[in-house]
Each structure stands twice: as structure tokens, then as C-alpha cells.
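Trainee: Provided herewith: coords.cif, mmCIF, C-alpha atoms.
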```cif
data_input
loop_
_atom_site.label_atom_id
_atom_site.label_comp_id
_atom_site.auth_asym_id
_atom_site.auth_seq_id
_atom_site.Cartn_x
_atom_site.Cartn_y
_atom_site.Cartn_z
CA MET R 1 50.67 70.72 136.38
CA ASN R 2 49.95 74.36 137.31
CA ILE R 3 47.11 74.18 139.88
CA ASN R 4 45.77 77.62 138.92
CA ALA R 5 45.60 76.62 135.26
CA PHE R 6 44.02 73.28 136.14
CA VAL R 7 41.26 74.93 138.18
CA PHE R 8 40.54 77.96 135.98
CA SER R 9 41.83 77.43 132.44
CA ASN R 10 39.40 76.39 129.72
CA ASN R 11 42.09 75.08 127.43
CA PRO R 12 40.81 71.63 126.39
CA ARG R 13 43.60 69.69 128.10
CA PHE R 14 42.83 71.34 131.46
CA ARG R 15 39.07 71.64 131.07
CA ILE R 16 38.44 68.03 130.00
CA THR R 17 40.71 66.66 132.73
CA ARG R 18 38.99 68.83 135.35
CA HIS R 19 35.49 67.74 134.34
CA VAL R 20 36.43 64.07 134.01
CA LEU R 21 37.97 64.14 137.49
CA PHE R 22 34.90 65.81 139.02
CA TRP R 23 32.41 63.40 137.47
CA SER R 24 34.58 60.36 138.23
CA ILE R 25 34.64 61.31 141.91
CA TRP R 26 30.91 61.96 141.90
CA ILE R 27 30.08 58.61 140.23
CA LEU R 28 32.36 56.78 142.65
CA TYR R 29 30.71 58.52 145.61
CA ASP R 30 27.20 57.64 144.42
CA THR R 31 28.26 54.07 143.60
CA VAL R 32 29.60 53.46 147.11
CA PHE R 33 26.48 55.04 148.64
CA VAL R 34 24.12 52.85 146.57
CA ALA R 35 26.20 49.70 147.12
CA LEU R 36 26.17 50.19 150.89
CA SER R 37 22.38 50.47 150.80
CA TRP R 38 22.27 46.77 149.77
CA SER R 39 22.87 45.74 153.37
CA LYS R 40 21.84 42.10 152.85
CA TYR R 41 24.38 41.50 150.06
CA PRO R 42 28.19 41.53 150.06
CA PHE R 43 29.71 44.83 148.94
CA SER R 44 31.80 43.04 146.26
CA GLN R 45 28.62 41.58 144.71
CA VAL R 46 26.67 44.85 144.47
CA PHE R 47 29.50 47.27 143.64
CA LEU R 48 29.70 46.57 139.88
CA PRO R 49 25.93 46.68 139.19
CA SER R 50 25.72 49.86 141.30
CA LEU R 51 28.55 51.36 139.24
CA LEU R 52 26.76 50.51 135.98
CA VAL R 53 23.55 52.07 137.29
CA GLU R 54 25.40 55.30 138.04
CA ILE R 55 27.25 55.32 134.71
CA PHE R 56 24.06 54.86 132.68
CA SER R 57 22.27 57.62 134.62
CA PHE R 58 25.29 59.91 134.30
CA PRO R 59 24.05 61.71 131.11
CA ILE R 60 20.90 62.84 132.96
CA ASP R 61 22.96 64.27 135.83
CA ILE R 62 25.40 66.04 133.56
CA LEU R 63 22.58 67.53 131.46
CA PHE R 64 20.95 68.99 134.57
CA CYS R 65 24.14 70.40 136.11
CA TYR R 66 25.45 71.90 132.87
CA SER R 67 22.05 73.46 132.20
CA ILE R 68 22.43 75.24 135.53
CA ILE R 69 25.99 76.53 135.13
CA TYR R 70 26.07 77.21 131.38
CA PHE R 71 22.48 78.36 130.79
CA LEU R 72 20.70 79.55 133.92
CA ILE R 73 23.57 81.36 135.62
CA PRO R 74 24.84 83.35 132.59
CA ARG R 75 21.39 84.06 131.16
CA PHE R 76 19.46 84.89 134.34
CA LEU R 77 21.62 85.21 137.47
CA TYR R 78 24.23 87.53 135.94
CA LYS R 79 21.43 89.73 134.60
CA GLY R 80 19.55 89.92 137.91
CA LYS R 81 16.55 87.83 136.76
CA TYR R 82 16.36 85.86 139.99
CA ILE R 83 12.68 84.87 139.98
CA THR R 84 12.86 83.70 136.37
CA MET R 85 15.94 81.67 137.23
CA ILE R 86 14.18 79.94 140.14
CA VAL R 87 11.14 79.11 138.00
CA VAL R 88 13.27 77.67 135.19
CA TRP R 89 15.40 75.78 137.72
CA LEU R 90 12.24 74.16 139.13
CA PHE R 91 11.13 73.25 135.60
CA PHE R 92 14.52 71.62 134.94
CA SER R 93 14.21 69.71 138.24
CA ILE R 94 10.81 68.31 137.31
CA PHE R 95 12.06 67.36 133.85
CA TYR R 96 15.00 65.56 135.45
CA ILE R 97 12.70 63.62 137.79
CA ILE R 98 10.56 62.46 134.86
CA CYS R 99 13.67 61.32 132.94
CA PHE R 100 15.14 59.57 135.97
CA ARG R 101 11.88 57.77 136.76
CA ALA R 102 11.78 56.49 133.19
CA TYR R 103 15.39 55.37 133.50
CA THR R 104 14.83 53.48 136.77
CA ALA R 105 11.74 51.78 135.33
CA HIS R 106 13.29 50.63 132.04
CA ILE R 107 17.06 50.30 132.60
CA ASN R 108 17.72 49.43 136.23
CA PRO R 109 15.78 46.13 136.28
CA HIS R 110 17.92 44.72 133.45
CA ILE R 111 21.18 45.66 135.19
CA TYR R 112 20.24 44.19 138.56
CA THR R 113 18.71 40.97 137.21
CA ALA R 114 21.80 40.41 135.04
CA TYR R 115 23.83 40.20 138.28
CA GLY R 116 21.31 38.03 140.10
CA LEU R 117 19.95 40.83 142.25
CA PRO R 118 16.28 41.66 142.78
CA TYR R 119 15.10 44.96 141.37
CA ARG R 120 14.01 47.26 144.16
CA MET R 121 11.66 50.20 144.03
CA HIS R 122 13.28 52.82 146.23
CA SER R 123 10.07 54.58 147.19
CA VAL R 124 7.06 53.77 149.28
CA SER R 125 4.98 56.45 147.55
CA PHE R 126 5.19 58.78 144.57
CA THR R 127 5.37 61.83 146.85
CA TRP R 128 8.28 60.40 148.83
CA ASP R 129 10.08 59.42 145.62
CA PHE R 130 9.48 62.85 144.08
CA PHE R 131 10.99 64.78 146.98
CA ASP R 132 13.82 62.26 147.35
CA LEU R 133 14.84 62.70 143.71
CA PHE R 134 14.24 66.46 143.93
CA SER R 135 16.65 66.78 146.86
CA GLN R 136 19.28 64.56 145.24
CA ILE R 137 19.41 66.34 141.90
CA ASN R 138 19.35 69.78 143.46
CA MET R 139 22.22 68.83 145.74
CA GLU R 140 24.20 68.13 142.55
CA GLY R 141 22.93 71.32 140.90
CA CYS R 142 23.74 73.47 143.94
CA MET R 143 27.20 71.94 144.18
CA ALA R 144 27.88 72.68 140.49
CA ALA R 145 26.53 76.23 140.88
CA ALA R 146 28.63 76.77 144.03
CA ILE R 147 31.80 75.71 142.18
CA LYS R 148 30.93 77.97 139.25
CA LEU R 149 30.10 81.01 141.38
CA GLY R 150 33.04 80.37 143.69
CA LYS R 151 35.43 80.47 140.75
CA MET R 152 33.86 83.67 139.40
CA TRP R 153 33.96 85.32 142.85
CA TYR R 154 37.62 84.40 143.26
CA ILE R 155 38.53 85.81 139.84
CA LYS R 156 36.63 89.07 140.39
CA HIS R 157 38.11 89.41 143.88
CA GLN R 158 41.64 88.86 142.56
CA GLU R 159 41.02 91.25 139.66
CA LEU R 160 39.81 93.95 142.06
CA ASP R 161 42.80 93.32 144.31
CA ILE R 162 45.17 93.78 141.36
CA MET R 163 43.48 97.06 140.44
CA LYS R 164 43.72 98.35 144.01
CA LYS R 165 47.40 97.44 144.32
CA GLU R 166 48.30 98.99 140.98
CA ARG R 167 46.34 102.12 141.79
CA LYS R 168 48.07 102.46 145.16
CA LYS R 169 51.45 101.86 143.53
CA THR R 170 50.75 104.57 140.97
CA GLU R 171 49.57 106.99 143.65
CA ASP R 172 52.65 106.33 145.79
CA THR R 173 55.07 106.83 142.92
CA ALA R 174 53.20 109.95 141.87
CA LYS R 175 53.72 111.42 145.34
CA ASP R 176 57.44 110.86 144.91
CA GLY R 177 57.40 112.68 141.59
CA ILE R 178 58.27 109.59 139.55
CA ILE R 179 55.01 109.14 137.62
CA GLN R 180 52.22 111.57 136.99
CA PRO R 181 49.00 109.54 137.10
CA GLN R 182 47.05 109.78 133.88
CA PRO R 183 43.32 110.55 133.92
CA ALA R 184 40.86 108.14 132.33
CA PHE R 185 40.45 108.41 128.57
CA LEU R 186 36.85 109.61 128.98
CA ILE R 187 38.05 112.58 131.02
CA ASN R 188 40.66 113.31 128.36
CA ALA R 189 37.97 113.11 125.70
CA LEU R 190 35.74 115.56 127.58
CA ASP R 191 38.67 117.96 127.94
CA LYS R 192 39.20 117.80 124.18
CA VAL R 193 35.49 118.44 123.58
CA GLU R 194 35.69 121.55 125.73
CA MET R 195 38.74 122.73 123.81
CA LEU R 196 37.17 122.04 120.39
CA SER R 197 33.82 123.58 121.27
CA LYS R 198 35.14 126.98 120.23
CA GLU R 199 37.32 125.90 117.28
CA LYS R 200 35.13 123.20 115.68
CA PRO R 201 31.64 123.34 117.18
CA GLU R 202 30.23 121.28 114.31
CA VAL R 203 32.03 118.11 115.46
CA ILE R 204 30.84 118.30 119.08
CA PRO R 205 27.46 116.45 118.72
CA GLY R 206 29.10 113.44 117.07
CA MET R 207 31.89 113.36 119.65
CA MET R 208 29.43 113.55 122.54
CA GLN R 209 27.47 110.59 121.17
CA LYS R 210 30.68 108.53 120.99
CA ILE R 211 31.62 109.57 124.53
CA LYS R 212 28.14 108.57 125.71
CA ASN R 213 28.51 105.13 124.13
CA LEU R 214 31.94 104.65 125.69
CA LEU R 215 30.68 105.82 129.09
CA LEU R 216 27.80 103.32 128.98
CA TYR R 217 30.31 100.64 128.09
CA VAL R 218 32.56 101.46 131.04
CA VAL R 219 29.68 101.67 133.53
CA TYR R 220 27.55 98.72 132.47
CA GLU R 221 29.69 96.26 130.48
CA ASN R 222 32.81 96.24 132.64
CA ASN R 223 31.08 94.15 135.34
CA GLN R 224 30.22 91.35 132.91
CA SER R 225 32.47 88.30 132.74
CA LYS R 226 32.34 88.35 128.92
CA VAL R 227 30.86 90.59 126.24
CA LYS R 228 30.32 90.15 122.54
CA LEU R 229 33.51 90.78 120.58
CA GLU R 230 31.43 92.44 117.88
CA LYS R 231 30.29 95.11 120.34
CA GLU R 232 33.79 95.49 121.75
CA LEU R 233 35.22 96.17 118.29
CA ALA R 234 32.34 98.53 117.39
CA LEU R 235 33.15 100.63 120.45
CA LEU R 236 36.83 100.45 119.56
CA LYS R 237 36.00 101.99 116.17
CA GLU R 238 34.11 104.78 117.90
CA TYR R 239 37.03 105.43 120.21
CA ILE R 240 39.48 105.60 117.27
CA GLU R 241 37.14 107.99 115.45
CA LEU R 242 36.97 110.08 118.61
CA GLU R 243 40.76 110.26 118.70
CA GLN R 244 40.88 111.25 115.04
CA GLU R 245 38.33 114.02 115.51
CA SER R 246 39.91 115.44 118.65
CA SER R 247 43.61 115.11 117.84
CA GLN R 248 45.53 118.36 117.41
CA GLU R 249 48.34 116.52 115.63
CA LYS R 250 48.45 114.80 112.29
CA ILE R 251 48.56 111.07 112.91
CA ARG R 252 48.54 108.51 110.14
CA MET R 253 46.31 105.60 111.07
CA ASN R 254 46.05 102.17 109.54
CA ILE R 255 43.19 100.23 111.10
CA LYS R 256 42.24 96.65 110.14
CA LEU R 257 39.44 95.01 112.09
CA PRO R 258 37.59 91.77 111.28
CA GLN R 259 34.30 92.27 109.46
CA TYR R 260 32.59 88.96 110.15
CA LEU R 261 32.25 87.57 113.66
CA ASN R 262 30.42 84.44 114.75
CA GLY R 263 29.18 85.49 118.17
CA GLU R 264 32.61 85.24 119.83
CA LYS R 265 32.90 86.76 123.29
CA ILE R 266 35.79 88.29 125.20
CA ALA R 267 36.45 89.66 128.68
CA PRO R 268 35.67 93.42 128.70
CA PHE R 269 38.08 96.28 129.13
CA ILE R 270 41.16 94.64 127.64
CA ILE R 271 41.20 95.75 123.98
CA LEU R 272 40.10 99.36 124.49
CA PRO R 273 42.62 100.21 127.26
CA LEU R 274 45.47 98.77 125.17
CA VAL R 275 44.55 100.95 122.21
CA GLU R 276 43.98 103.99 124.42
CA ASN R 277 47.41 103.48 125.97
CA SER R 278 49.03 103.41 122.54
CA PHE R 279 47.43 106.75 121.59
CA HIS R 280 48.48 108.19 124.93
CA GLN R 281 52.06 106.96 124.48
CA LEU R 282 52.21 108.41 120.98
CA SER R 283 51.02 111.80 122.24
CA LEU R 284 53.97 111.94 124.67
CA LEU R 285 56.64 111.23 122.07
CA ASP R 286 58.43 113.77 119.92
CA VAL R 287 58.21 112.18 116.48
CA ALA R 288 58.10 114.04 113.18
CA ASP R 289 55.94 111.44 111.44
CA LYS R 290 53.44 110.01 113.88
CA PHE R 291 51.52 106.91 112.92
CA ILE R 292 49.69 104.05 114.56
CA ASN R 293 48.79 100.66 113.10
CA ILE R 294 46.04 98.56 114.68
CA GLU R 295 45.21 95.13 113.32
CA ALA R 296 42.84 92.57 114.82
CA LYS R 297 42.16 89.05 113.58
CA ILE R 298 39.94 86.11 114.46
CA TYR R 299 41.14 82.63 113.57
CA ALA R 300 40.38 79.14 114.93
CA GLY R 301 38.82 80.49 118.12
CA ASN R 302 41.72 82.90 118.73
CA PHE R 303 41.73 86.68 118.87
CA ALA R 304 44.92 88.47 117.83
CA LEU R 305 45.57 92.18 118.32
CA ASN R 306 48.68 93.94 117.07
CA ILE R 307 49.26 97.62 117.88
CA ALA R 308 52.33 99.44 116.57
CA TRP R 309 53.17 103.12 116.85
CA SER R 310 56.12 105.28 115.90
CA LYS R 311 58.84 106.34 118.29
CA PRO R 312 62.12 108.22 118.22
CA VAL R 313 65.19 106.09 117.57
CA ASP R 314 66.76 107.10 120.88
CA THR R 315 63.74 106.01 122.98
CA SER R 316 64.17 102.51 124.39
CA THR R 317 61.38 102.22 126.97
CA LEU R 318 57.70 103.00 127.28
CA VAL R 319 57.11 106.29 129.05
CA ASN R 320 55.06 107.64 131.92
CA GLY R 321 54.12 104.45 133.72
CA SER R 322 52.99 102.45 130.71
CA ASN R 323 54.95 99.39 131.83
CA ALA R 324 52.94 99.31 135.06
CA PHE R 325 49.75 99.63 133.02
CA LEU R 326 50.70 96.72 130.76
CA ASN R 327 51.64 94.64 133.80
CA THR R 328 48.16 95.25 135.19
CA ILE R 329 46.56 94.16 131.91
CA ASN R 330 48.77 91.06 131.88
CA LYS R 331 47.77 90.16 135.44
CA ARG R 332 44.09 90.44 134.48
CA LEU R 333 44.73 88.20 131.49
CA GLN R 334 46.42 85.63 133.73
CA LEU R 335 43.28 85.58 135.88
CA LEU R 336 40.73 85.60 133.07
CA TYR R 337 42.60 83.50 130.49
CA PRO R 338 45.02 81.27 132.42
CA GLN R 339 47.40 79.46 130.05
CA SER R 340 45.30 80.85 127.16
CA HIS R 341 46.93 84.15 126.23
CA LYS R 342 50.19 85.81 125.21
CA LEU R 343 50.95 89.50 125.68
CA LYS R 344 54.27 90.76 124.32
CA VAL R 345 55.85 94.20 124.10
CA ILE R 346 58.40 94.54 121.31
CA ILE R 347 60.66 97.59 121.05
CA LYS R 348 62.18 98.19 117.64
CA PRO R 349 64.37 101.12 116.54
CA THR R 350 61.43 103.16 115.25
CA LEU R 351 58.45 101.22 116.63
CA PHE R 352 56.72 100.19 119.82
CA VAL R 353 54.66 97.04 119.28
CA VAL R 354 52.10 95.43 121.59
CA ASP R 355 51.12 91.96 120.44
CA LEU R 356 48.22 90.17 122.12
CA LYS R 357 46.83 86.71 121.39
CA ILE R 358 43.89 85.22 123.31
CA TYR R 359 42.29 81.81 122.98
CA LEU R 360 38.71 83.00 123.46
CA ASP R 361 37.29 79.67 124.62
CA GLY R 362 40.01 79.58 127.27
CA ALA R 363 38.23 82.15 129.44
CA ILE R 364 37.05 80.99 132.83
CA ASN R 365 33.29 80.47 132.85
#
```
For the file at hand, write its structure as C-alpha cells.
Mentor:
Amino acid sequence: MNINAFVFSNNPRFRITRHVLFWSIWILYDTVFVALSWSKYPFSQVFLPSLLVEIFSFPIDILFCYSIIYFLIPRFLYKGKYITMIVVWLFFSIFYIICFRAYTAHINPHIYTAYGLPYRMHSVSFTWDFFDLFSQINMEGCMAAAIKLGKMWYIKHQELDIMKKERKKTEDTAKDGIIQPQPAFLINALDKVEMLSKEKPEVIPGMMQKIKNLLLYVVYENNQSKVKLEKELALLKEYIELEQESSQEKIRMNIKLPQYLNGEKIAPFIILPLVENSFHQLSLLDVADKFINIEAKIYAGNFALNIAWSKPVDTSTLVNGSNAFLNTINKRLQLLYPQSHKLKVIIKPTLFVVDLKIYLDGAIN
């Protein structure tokens, strides 16, 4: 089994195994700890009832921990709402204590008496019991949060490292005259606005609004782990319209994007750079009839993107560093969607094709 996929992939076969292993270890740890606390009884006599106690209380533990990592962290921590997160965390802790007290009062006595053991109240006072349970559950919650944040830190660190290496590689090859580094698409768009300001001043306000939207996307959305696919595709439409308005060449475009989305999310800055790269590649090629086809689909939790553009028959490779760019995208996909994506480049006699498939629920989270 690939250890990276096992740790990070959210494909069901990896994700379920990972969670089952974690909770099995945790239940075993708690069982041994509780069994050893019965110092007057043989370990073999108290192990099974202690195990049953932990198994029956397991849903309460898992509800608390998953509320932390799948609700509090994405909804509050990622958005900088730290005080709100602490308050809600405390509320969840109190709710857990109430549930656990009810469990120990109504379930534990039946388990222990069934094995001939006396039921024991673990506390000498309500205050002691409250803080004991509070510390126990928050140890679990902090451990779950640490694992979650540790994974996200590792992914972001690796992603940044990839970007730095690819940037350095591009700069080094540019110094040797092999590749001319390409400016960002927003800079290209602003250059086109300046050029069109004299020829077609009437289109400038609309173009500037699209550039503003794209700039906000790059600045604010790129640091999120996932964004709504609906917003991603809406910005993609604006970018395509921007290319249509600013292009000095006649390019036939066939665009098919899904109309109905059900709140699916995707890692940012994957779709738009792929499309931008295809327009950039097309602009570098000498083709009489230039066209680009972009088709996106959503099916069974998967996102599929197919981009095809025309090329001369005698051109067999992507030009001007595009292979390095696609390698960078692929490395990001391997980090963000381990074992949950496929990125292929197909070169046909008259076509370049980029085919991407992503299992959206396979993103690390």
C-alpha cells in the first residue's frame, strides 16, 4: 500500500481503513487504561467489560472529534474566526460531558454487573468529574485537530516547495536562453486592455470588471484548501469571455460547462491555469484555423475537464515550457488528490488534448 495515499487520500478504501485503524488503536488504548485501573481484579476479568464500555461510548467520542475537524476547523479556523471557534468548541465539550454522564449512569452499570463487577462512580464530586471528562475529551479533540492541521500544513508546505522549485527551474532555463518565462495571465490581460483602450474603448469597462474578479480570486481564494466548483466555473467563464474580447485573432470556441452543481468543491487554481495555458499555447502556434474546445462534466462525484486546441501537423510537442507547467499542475494534484486524479496529455496530428479527471471527494481534508 502506498503510504502517501494511505495517509492523505480520501478514496473510500484508504479513508475508511485509515479511520478504522485510528479508532481501533484509540479504543484499545482506552480499554487497557480502564482495565488497569481495576487494580483489585485480574486484568483478564476486567478487559472484556472495559472493552465493551469503550465500544458503546465510541459514538460520543467520534461525534465530538469529527465535529472539530469537519465543522469547526473549516468553518471558523480557516476563516480566522478564532474566538467564535473557541466558544463553539467549549459548547461542544459541555454537550459531550452531558452525553457521557448520561451514558455512564444508564449503560455502564449493566455492563459491569453482567460480568460480576461492581459499578463504580469515578468521581468524588461533580466538579472533579466535570474537569476530568473535560480534559479527556479535549485531549481527543486536540489530537484529532493536530492530525488534521498537520496534514494540511504538510500539503501546503509541499505545494509551496513545488512552486519554488519549478519557478527556480524556469528562471535558470530562461537565463540559458532555453525558455522565456511567461507572465501571469492577469498581466497579459492588462497589457491587452492597454492595447485595446485606443481601438475599442467601449469594451474596456467590462474587461476591467472581469480582471478585477479574477484578481480577487487569485489573491483571496488561492489560499483556501477547497472552493465551490460553481464559483470556479463562473470565473472560468469570465476568463474565456476576457480572452474572446481581447483576442486579436479569430478563434473558434466550443465551450460546454455543467449548468447544475450540487455544492461540489475543488482545490483552487487548477482549472483556470489549465485553460489559460491552452489559450497561451494556441497563441504561439501558426495555424490557419484556430479553435479551442473546452468541456467540463460532473458525474458520480467526479469532475472531468477536456481541453483540445488546434495545432500544425508538424508540431509534436507542447511549446515554450508548457510541459514543465503541466508537470507542476500534476505534482499539485498528487498532493491534493492522491490516488484520486488522472491528468493526461494527448498529442494527435492536428490536436493537443489535455484530459483531467478528479474524484472530488478524494481531496485531503
Trainee: When you draw a straight line from CA of Phe43 (chain R) to CA of Phe134 (chain R), how long is it in Å?
Mentor: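 If I compute the distance from CA of Phe43 (chain R) to CA of Phe134 (chain R), I get 27.1 Å.
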Trainee: Considering all atoms listed in the file, can you say which of R:Pro312, R:Pro109, R:Pro349, R:Pro258 comes closest to Ile298 (chain R)?
Mentor: R:Pro258
Trainee: Evaluate the PyMOL selection byres ((chain R and resi 67) around 12) and record the selected residues as a ChimeraX atom specification, following the chain and residue labels used in the document.
Mentor: /R:59-66,68-76,85,88-89,91-93,95-96,140-142,144-145
Trainee: May I have the protein, DNA and RNA residues with any atom at most 9 Å from the point (63.1, 99.6, 119.7), counting all atoms listed in the file, written as a PyMOL selection string?
Mentor: chain R and resi 311-317+346-353
Trainee: I'd like the interatomic distance between CA of Phe303 (chain R) and CA of Lys357 (chain R), to a tenth of an Å.
Mentor: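 Taking CA of Phe303 (chain R) and CA of Lys357 (chain R), their separation equals 5.7 Å.
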Trainee: Quick one: everything within 6 Å of region 228-233 of chain R, counting all atoms listed in the file, minus sequence neighbours fewer than 2 positions away in the same chain. Send it as a PyMOL selection string.
Mentor: chain R and resi 235-236+264-266
Trainee: What does the PyMOL selection byres ((chain R and resi 344) around 8) select in this file, as a ChimeraX atom specification?
Mentor: /R:342-343,345-346,354-356
Trainee: Pick out the residues sitting within 12 Å of region 20-22 of chain R, and hand them over as a JSON list (two decimals) with C-alpha atoms, in the frame of the given file; count all atoms listed in the file, and ignore anything fewer than 5 positions along from it in its own chain.
Mentor:
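In the end it all went to part_34.json:
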```json
[["chain", "number", "residue", "atom", "x", "y", "z"],
["R", 6, "PHE", "CA", 44.02, 73.28, 136.14],
["R", 7, "VAL", "CA", 41.26, 74.93, 138.18],
["R", 12, "PRO", "CA", 40.81, 71.63, 126.39],
["R", 13, "ARG", "CA", 43.60, 69.69, 128.10],
["R", 14, "PHE", "CA", 42.83, 71.34, 131.46],
["R", 15, "ARG", "CA", 39.07, 71.64, 131.07],
["R", 27, "ILE", "CA", 30.08, 58.61, 140.23],
["R", 28, "LEU", "CA", 32.36, 56.78, 142.65],
["R", 29, "TYR", "CA", 30.71, 58.52, 145.61],
["R", 58, "PHE", "CA", 25.29, 59.91, 134.30],
["R", 62, "ILE", "CA", 25.40, 66.04, 133.56],
["R", 140, "GLU", "CA", 24.20, 68.13, 142.55],
["R", 143, "MET", "CA", 27.20, 71.94, 144.18],
["R", 144, "ALA", "CA", 27.88, 72.68, 140.49],
["R", 147, "ILE", "CA", 31.80, 75.71, 142.18]]
```
Trainee: Using all atoms listed in the file, which of R:Met208, R:Ala308, R:Val46, R:Leu52 sits nearest Glu245 (chain R)?
Mentor: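 The shortest atom-to-atom distance to Glu245 (chain R) comes from R:Met208.
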Trainee: In Å to one decimal, how far is CA of Val275 (chain R) from CA of Ala296 (chain R)?
Mentor: 11.3 Å
Trainee: Show which residues sit within 12 Å of Leu48 (chain R), as an mmCIF file with C-alpha atoms, in the coordinates of the input. Count all atoms listed in the file, and ignore same-chain residues fewer than 3 positions away.
Mentor:
```cif
data_model
loop_
_atom_site.group_PDB
_atom_site.id
_atom_site.type_symbol
_atom_site.label_atom_id
_atom_site.label_comp_id
_atom_site.auth_asym_id
_atom_site.auth_seq_id
_atom_site.Cartn_x
_atom_site.Cartn_y
_atom_site.Cartn_z
ATOM 1 C CA LEU R 28 32.360 56.780 142.650
ATOM 2 C CA THR R 31 28.260 54.070 143.600
ATOM 3 C CA VAL R 32 29.600 53.460 147.110
ATOM 4 C CA VAL R 34 24.120 52.850 146.570
ATOM 5 C CA ALA R 35 26.200 49.700 147.120
ATOM 6 C CA PRO R 42 28.190 41.530 150.060
ATOM 7 C CA PHE R 43 29.710 44.830 148.940
ATOM 8 C CA SER R 44 31.800 43.040 146.260
ATOM 9 C CA GLN R 45 28.620 41.580 144.710
ATOM 10 C CA LEU R 51 28.550 51.360 139.240
ATOM 11 C CA LEU R 52 26.760 50.510 135.980
ATOM 12 C CA VAL R 53 23.550 52.070 137.290
ATOM 13 C CA GLU R 54 25.400 55.300 138.040
ATOM 14 C CA ILE R 55 27.250 55.320 134.710
ATOM 15 C CA ILE R 111 21.180 45.660 135.190
ATOM 16 C CA TYR R 112 20.240 44.190 138.560
ATOM 17 C CA ALA R 114 21.800 40.410 135.040
ATOM 18 C CA TYR R 115 23.830 40.200 138.280
ATOM 19 C CA GLY R 116 21.310 38.030 140.100
ATOM 20 C CA LEU R 117 19.950 40.830 142.250
#
```
Trainee: Around (35.1, 88.5, 127.7), as given in the file, which residues come within 6 Å? Count all atoms listed in the file and list them as a list of chain:residue names.
Mentor: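 Taken together, the residues in range are R:Ser225, R:Lys226, R:Val227, R:Lys265, R:Ile266, R:Ala267, R:Pro268.
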Trainee: With all atoms listed in the file as the basis for distance, which of R:Phe56, R:Phe47, R:Trp38, R:Tyr239 is at the shortest distance from Leu214 (chain R)?
Mentor: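 Nearest to Leu214 (chain R): R:Tyr239.
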Trainee: Pick out the closest residue to Leu326 (chain R) from this set: R:Asp361, R:Asp289, R:Glu295, R:Glu276. Count only C-alpha atoms.
Mentor: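 Using only C-alpha atoms, Leu326 (chain R) sits closest to R:Glu276.
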Trainee: I'd like the neighbourhood of Glu238 (chain R) as a ChimeraX atom specification, where a residue qualifies if any of its atoms comes within 10 Å (using only C-alpha atoms), though same-chain residues fewer than 5 positions away should be ignored.
Mentor: /R:207,209-211,213-214,233,243-244
Trainee: Some atoms are absent from region 265-277 of chain R, so rebuild N, CA and C atoms and return them as a CSV table (one decimal), in the frame of the given file.
Mentor:
```
chain,number,residue,atom,x,y,z
R,265,LYS,N,32.9,85.9,122.1
R,265,LYS,CA,32.9,86.8,123.3
R,265,LYS,C,34.3,86.9,123.9
R,266,ILE,N,34.5,88.0,124.6
R,266,ILE,CA,35.8,88.3,125.2
R,266,ILE,C,35.6,89.0,126.5
R,267,ALA,N,36.5,88.9,127.4
R,267,ALA,CA,36.4,89.7,128.7
R,267,ALA,C,36.5,91.2,128.4
R,268,PRO,N,35.7,92.0,129.0
R,268,PRO,CA,35.7,93.4,128.7
R,268,PRO,C,36.9,94.2,129.2
R,269,PHE,N,37.1,95.3,128.7
R,269,PHE,CA,38.1,96.3,129.1
R,269,PHE,C,39.5,95.7,129.0
R,270,ILE,N,39.8,95.1,127.9
R,270,ILE,CA,41.2,94.6,127.6
R,270,ILE,C,41.6,95.3,126.3
R,271,ILE,N,40.8,95.2,125.3
R,271,ILE,CA,41.2,95.8,124.0
R,271,ILE,C,41.3,97.3,124.0
R,272,LEU,N,40.2,97.9,124.5
R,272,LEU,CA,40.1,99.4,124.5
R,272,LEU,C,41.2,100.0,125.3
R,273,PRO,N,41.5,99.6,126.5
R,273,PRO,CA,42.6,100.2,127.3
R,273,PRO,C,44.0,100.1,126.6
R,274,LEU,N,44.2,98.9,125.9
R,274,LEU,CA,45.5,98.8,125.2
R,274,LEU,C,45.6,99.8,124.0
R,275,VAL,N,44.5,100.0,123.3
R,275,VAL,CA,44.6,101.0,122.2
R,275,VAL,C,44.7,102.4,122.8
R,276,GLU,N,43.9,102.7,123.8
R,276,GLU,CA,44.0,104.0,124.4
R,276,GLU,C,45.4,104.3,124.9
R,277,ASN,N,46.0,103.3,125.5
R,277,ASN,CA,47.4,103.5,126.0
R,277,ASN,C,48.4,103.8,124.8
```
